[in-house]
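Single-structure report; data block below.
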Amino acid sequence: MLVELARRGFATIEEPGRRVVREELASGGDALPWIDTVAFVRRITAMAQAGYEAARSLPGPVFFDRGLIDAAVALKHLTGEVALTDLAARHRYASPVFLAPPWPELFATDAERRHDFTSAVAEYDRLAAAYPALGYDVVLLPKVSVAERLAFILERVGTS
C-alpha cells in the first residue's frame, strides 16, 4: 500500500519495525523482536519519532506505515511503561487513522516479520483500542484489492 502511495507521488514514511530489523540483521545486533523485544521497541520508538519530525518538512499529506502511537502501545504492553499519553499529546498525527485488520488470507511471515497471526491480532486489538482513546477517528480498511484500498484512502483524505 505504502509503495503504491509513494509511486503516486505522496510522501511516505516506511514502517520503523522493518527498518530496525534490517539494520540489526545487517550489523549482527540484538534489538530484534525475537531476541530483545524491549530494545527493539525502544529503537522503533526513536525511529518513529525521527520519522515524525522528518515528515513535518514534507508536503502533505504524509502517509506513515506505523508510527509513535504504535510504538508506545507496544512499549506499554511489554513493560507497563506509560509513554502513550505524553507522546500522543506532543506528536499528533492527522486523522483519520487507517487500520488494516489482520486478514488470514494476506498474513505472511518473512525474515523481517516472524510473529504469528495470533500475535498480529492481539497487536491490532491494542491499537484499535488506543487510537480512539486518544481522540483519533479510526477507519478500517476494507478487504479489497490494493487499488481499491488506495482509492478508499485517497477519497477519505480528499486527494482522489
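Each chain in the C-alpha cells gets a letter, A, B and so on, in the order shown; residues start at 1 in every chain, and ligands are counted from 1 in the order they appear.
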Write out as an mmCIF file with C-alpha atoms, in the first residue's frame which residues come within 6 Å of segment 82-97 of chain A when counting only C-alpha atoms, dropping same-chain ones fewer than 2 positions away.
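Result file is out.cif:
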```cif
data_model
loop_
_atom_site.group_PDB
_atom_site.id
_atom_site.type_symbol
_atom_site.label_atom_id
_atom_site.label_comp_id
_atom_site.auth_asym_id
_atom_site.auth_seq_id
_atom_site.Cartn_x
_atom_site.Cartn_y
_atom_site.Cartn_z
ATOM 1 C CA ALA A 72 4.130 3.490 22.586
ATOM 2 C CA LYS A 76 3.217 -0.193 27.394
ATOM 3 C CA TYR A 136 -8.391 9.687 16.580
ATOM 4 C CA ASP A 137 -11.048 8.818 14.054
ATOM 5 C CA VAL A 138 -10.215 5.246 13.043
#
```
Exercise. From segment 1-153 of chain A, collect each residue whose DSSP state is strand (DSSP E) and return the set as an MDAnalysis selection string.
Key: chainID A and resid 11:13 62:64 97:99 138:140
Quiz item: Counting only C-alpha atoms, which of A:Asp70, A:Val139, A:Glu155, A:Asp110 gets nearest to Glu123 of chain A?
Solution: A:Asp70
Exercise. Just give me the gap between atom CA of Ala111 of chain A and atom CA of Gly80 of chain A in Å, one decimal is fine.
Key: 28.1 Å
Shell of 12 Å around Ala46 of chain A, only C-alpha atoms, local chain residues under 2 positions omitted, as a PDB file with N, CA, C and O atoms, in the first residue's frame:
```
ATOM      1  N   PRO A  16       8.880   1.667  10.879  1.00  0.00           N
ATOM      2  CA  PRO A  16      10.123   1.636  11.652  1.00  0.00           C
ATOM      3  C   PRO A  16      10.564   0.224  12.029  1.00  0.00           C
ATOM      4  O   PRO A  16      11.763  -0.071  12.035  1.00  0.00           O
ATOM      5  N   GLY A  17       9.632  -0.654  12.342  1.00  0.00           N
ATOM      6  CA  GLY A  17       9.996  -2.005  12.768  1.00  0.00           C
ATOM      7  C   GLY A  17      10.804  -2.752  11.727  1.00  0.00           C
ATOM      8  O   GLY A  17      11.823  -3.370  12.034  1.00  0.00           O
ATOM      9  N   ARG A  19      12.583  -1.442   9.340  1.00  0.00           N
ATOM     10  CA  ARG A  19      13.884  -0.788   9.188  1.00  0.00           C
ATOM     11  C   ARG A  19      14.835  -1.206  10.301  1.00  0.00           C
ATOM     12  O   ARG A  19      16.014  -1.492  10.051  1.00  0.00           O
ATOM     13  N   VAL A  20      14.334  -1.262  11.533  1.00  0.00           N
ATOM     14  CA  VAL A  20      15.178  -1.681  12.656  1.00  0.00           C
ATOM     15  C   VAL A  20      15.634  -3.116  12.451  1.00  0.00           C
ATOM     16  O   VAL A  20      16.818  -3.430  12.636  1.00  0.00           O
ATOM     17  N   ALA A  39      14.347  -3.739  23.713  1.00  0.00           N
ATOM     18  CA  ALA A  39      15.328  -2.924  22.975  1.00  0.00           C
ATOM     19  C   ALA A  39      14.807  -2.627  21.571  1.00  0.00           C
ATOM     20  O   ALA A  39      14.973  -1.510  21.065  1.00  0.00           O
ATOM     21  N   PHE A  40      14.185  -3.602  20.954  1.00  0.00           N
ATOM     22  CA  PHE A  40      13.595  -3.406  19.629  1.00  0.00           C
ATOM     23  C   PHE A  40      12.539  -2.304  19.666  1.00  0.00           C
ATOM     24  O   PHE A  40      12.566  -1.375  18.847  1.00  0.00           O
ATOM     25  N   VAL A  41      11.641  -2.353  20.620  1.00  0.00           N
ATOM     26  CA  VAL A  41      10.569  -1.356  20.700  1.00  0.00           C
ATOM     27  C   VAL A  41      11.140   0.029  21.012  1.00  0.00           C
ATOM     28  O   VAL A  41      10.671   1.034  20.485  1.00  0.00           O
ATOM     29  N   ARG A  42      12.165   0.095  21.827  1.00  0.00           N
ATOM     30  CA  ARG A  42      12.797   1.404  22.094  1.00  0.00           C
ATOM     31  C   ARG A  42      13.420   1.968  20.812  1.00  0.00           C
ATOM     32  O   ARG A  42      13.349   3.156  20.549  1.00  0.00           O
ATOM     33  N   ARG A  43      14.041   1.103  20.027  1.00  0.00           N
ATOM     34  CA  ARG A  43      14.615   1.549  18.738  1.00  0.00           C
ATOM     35  C   ARG A  43      13.523   2.016  17.778  1.00  0.00           C
ATOM     36  O   ARG A  43      13.685   3.022  17.107  1.00  0.00           O
ATOM     37  N   ILE A  44      12.411   1.274  17.696  1.00  0.00           N
ATOM     38  CA  ILE A  44      11.364   1.709  16.771  1.00  0.00           C
ATOM     39  C   ILE A  44      10.704   2.997  17.259  1.00  0.00           C
ATOM     40  O   ILE A  44      10.303   3.829  16.453  1.00  0.00           O
ATOM     41  N   ALA A  48      10.517   6.085  14.937  1.00  0.00           N
ATOM     42  CA  ALA A  48       9.209   6.661  14.630  1.00  0.00           C
ATOM     43  C   ALA A  48       9.191   8.156  14.962  1.00  0.00           C
ATOM     44  O   ALA A  48       8.608   8.956  14.234  1.00  0.00           O
ATOM     45  N   GLN A  49       9.862   8.536  16.032  1.00  0.00           N
ATOM     46  CA  GLN A  49       9.929   9.956  16.385  1.00  0.00           C
ATOM     47  C   GLN A  49      10.717  10.723  15.321  1.00  0.00           C
ATOM     48  O   GLN A  49      10.320  11.805  14.903  1.00  0.00           O
ATOM     49  N   ALA A  50      11.805  10.153  14.861  1.00  0.00           N
ATOM     50  CA  ALA A  50      12.588  10.797  13.796  1.00  0.00           C
ATOM     51  C   ALA A  50      11.764  10.896  12.519  1.00  0.00           C
ATOM     52  O   ALA A  50      11.813  11.917  11.822  1.00  0.00           O
ATOM     53  N   GLY A  51      10.992   9.864  12.215  1.00  0.00           N
ATOM     54  CA  GLY A  51      10.127   9.900  11.032  1.00  0.00           C
ATOM     55  C   GLY A  51       9.059  10.973  11.155  1.00  0.00           C
ATOM     56  O   GLY A  51       8.771  11.686  10.190  1.00  0.00           O
ATOM     57  N   TYR A  52       8.508  11.104  12.340  1.00  0.00           N
ATOM     58  CA  TYR A  52       7.504  12.143  12.581  1.00  0.00           C
ATOM     59  C   TYR A  52       8.109  13.529  12.360  1.00  0.00           C
ATOM     60  O   TYR A  52       7.518  14.376  11.688  1.00  0.00           O
ATOM     61  N   GLU A  53       9.286  13.746  12.909  1.00  0.00           N
ATOM     62  CA  GLU A  53       9.954  15.045  12.748  1.00  0.00           C
ATOM     63  C   GLU A  53      10.301  15.304  11.281  1.00  0.00           C
ATOM     64  O   GLU A  53      10.127  16.424  10.786  1.00  0.00           O
ATOM     65  N   GLY A  67       3.686   4.256  13.468  1.00  0.00           N
ATOM     66  CA  GLY A  67       4.303   5.464  13.992  1.00  0.00           C
ATOM     67  C   GLY A  67       4.472   5.397  15.499  1.00  0.00           C
ATOM     68  O   GLY A  67       4.510   4.317  16.101  1.00  0.00           O
ATOM     69  N   LEU A  68       4.545   6.566  16.112  1.00  0.00           N
ATOM     70  CA  LEU A  68       4.818   6.663  17.539  1.00  0.00           C
ATOM     71  C   LEU A  68       3.734   6.044  18.414  1.00  0.00           C
ATOM     72  O   LEU A  68       4.041   5.451  19.446  1.00  0.00           O
ATOM     73  N   ILE A  69       2.497   6.172  18.004  1.00  0.00           N
ATOM     74  CA  ILE A  69       1.412   5.595  18.807  1.00  0.00           C
ATOM     75  C   ILE A  69       1.586   4.074  18.865  1.00  0.00           C
ATOM     76  O   ILE A  69       1.511   3.462  19.928  1.00  0.00           O
ATOM     77  N   ALA A  71       4.306   2.359  18.514  1.00  0.00           N
ATOM     78  CA  ALA A  71       5.477   2.036  19.333  1.00  0.00           C
ATOM     79  C   ALA A  71       5.163   2.189  20.815  1.00  0.00           C
ATOM     80  O   ALA A  71       5.545   1.340  21.635  1.00  0.00           O
ATOM     81  N   ALA A  72       4.459   3.258  21.182  1.00  0.00           N
ATOM     82  CA  ALA A  72       4.130   3.490  22.586  1.00  0.00           C
ATOM     83  C   ALA A  72       3.166   2.428  23.120  1.00  0.00           C
ATOM     84  O   ALA A  72       3.281   2.004  24.274  1.00  0.00           O
ATOM     85  N   LEU A  75       5.315  -0.575  23.764  1.00  0.00           N
ATOM     86  CA  LEU A  75       6.138  -0.370  24.956  1.00  0.00           C
ATOM     87  C   LEU A  75       5.306  -0.564  26.229  1.00  0.00           C
ATOM     88  O   LEU A  75       5.739  -1.235  27.173  1.00  0.00           O
ATOM     89  N   LEU A  87       3.441  11.032  24.492  1.00  0.00           N
ATOM     90  CA  LEU A  87       3.825  11.019  23.076  1.00  0.00           C
ATOM     91  C   LEU A  87       2.677  11.461  22.186  1.00  0.00           C
ATOM     92  O   LEU A  87       2.868  12.223  21.239  1.00  0.00           O
TER      93      LEU A  87
END
```
Quiz prompt | Atom pair atom CA of Arg56 of chain A / atom CA of Arg7 of chain A: separation (Å) | solution =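 Atom-to-atom, atom CA of Arg56 of chain A and atom CA of Arg7 of chain A are spaced 20.2 Å apart.
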Exercise. Using backbone DSSP assignments, extract all alpha helix (DSSP H) residues from segment 17-117 of chain A; output them as JSON, numbers by chain.
Key: {"A": [17, 18, 19, 20, 21, 22, 23, 24, 25, 26, 27, 37, 38, 39, 40, 41, 42, 43, 44, 45, 46, 47, 48, 49, 50, 51, 52, 53, 54, 55, 68, 69, 70, 71, 72, 73, 74, 75, 76, 77, 78, 79, 84, 85, 86, 87, 88, 89, 90, 117]}
Quiz item: atom CA of Leu106 of chain A to atom CA of Lys143 of chain A: how many Å, to one decimal?
Solution: 9.6 Å
Quiz item: Looking at A:Ala151, A:Leu5, A:Leu78, A:Ala11, which one is nearest to Thr37 of chain A, with distances taken over only C-alpha atoms?
Solution: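 Between A:Ala151, A:Leu5, A:Leu78, A:Ala11, the residue approaching Thr37 of chain A most closely is A:Leu78.
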Self-check item: Nearest-residue call for Thr79 of chain A, choices A:Val38, A:Met47, A:Leu154, A:Ala31, using only C-alpha atoms
Solution: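 Selected residue with least distance to Thr79 of chain A: A:Val38.
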Practice problem: May I have the residues within 12 Å of Phe98 of chain A as a PyMOL selection string, using only C-alpha atoms and disregarding those fewer than 2 positions away in the same chain? | Solution: chain A and resi 1+63-66+93-96+100-101+124+127-128+131-132+136-142+149-150+152-154+156-157
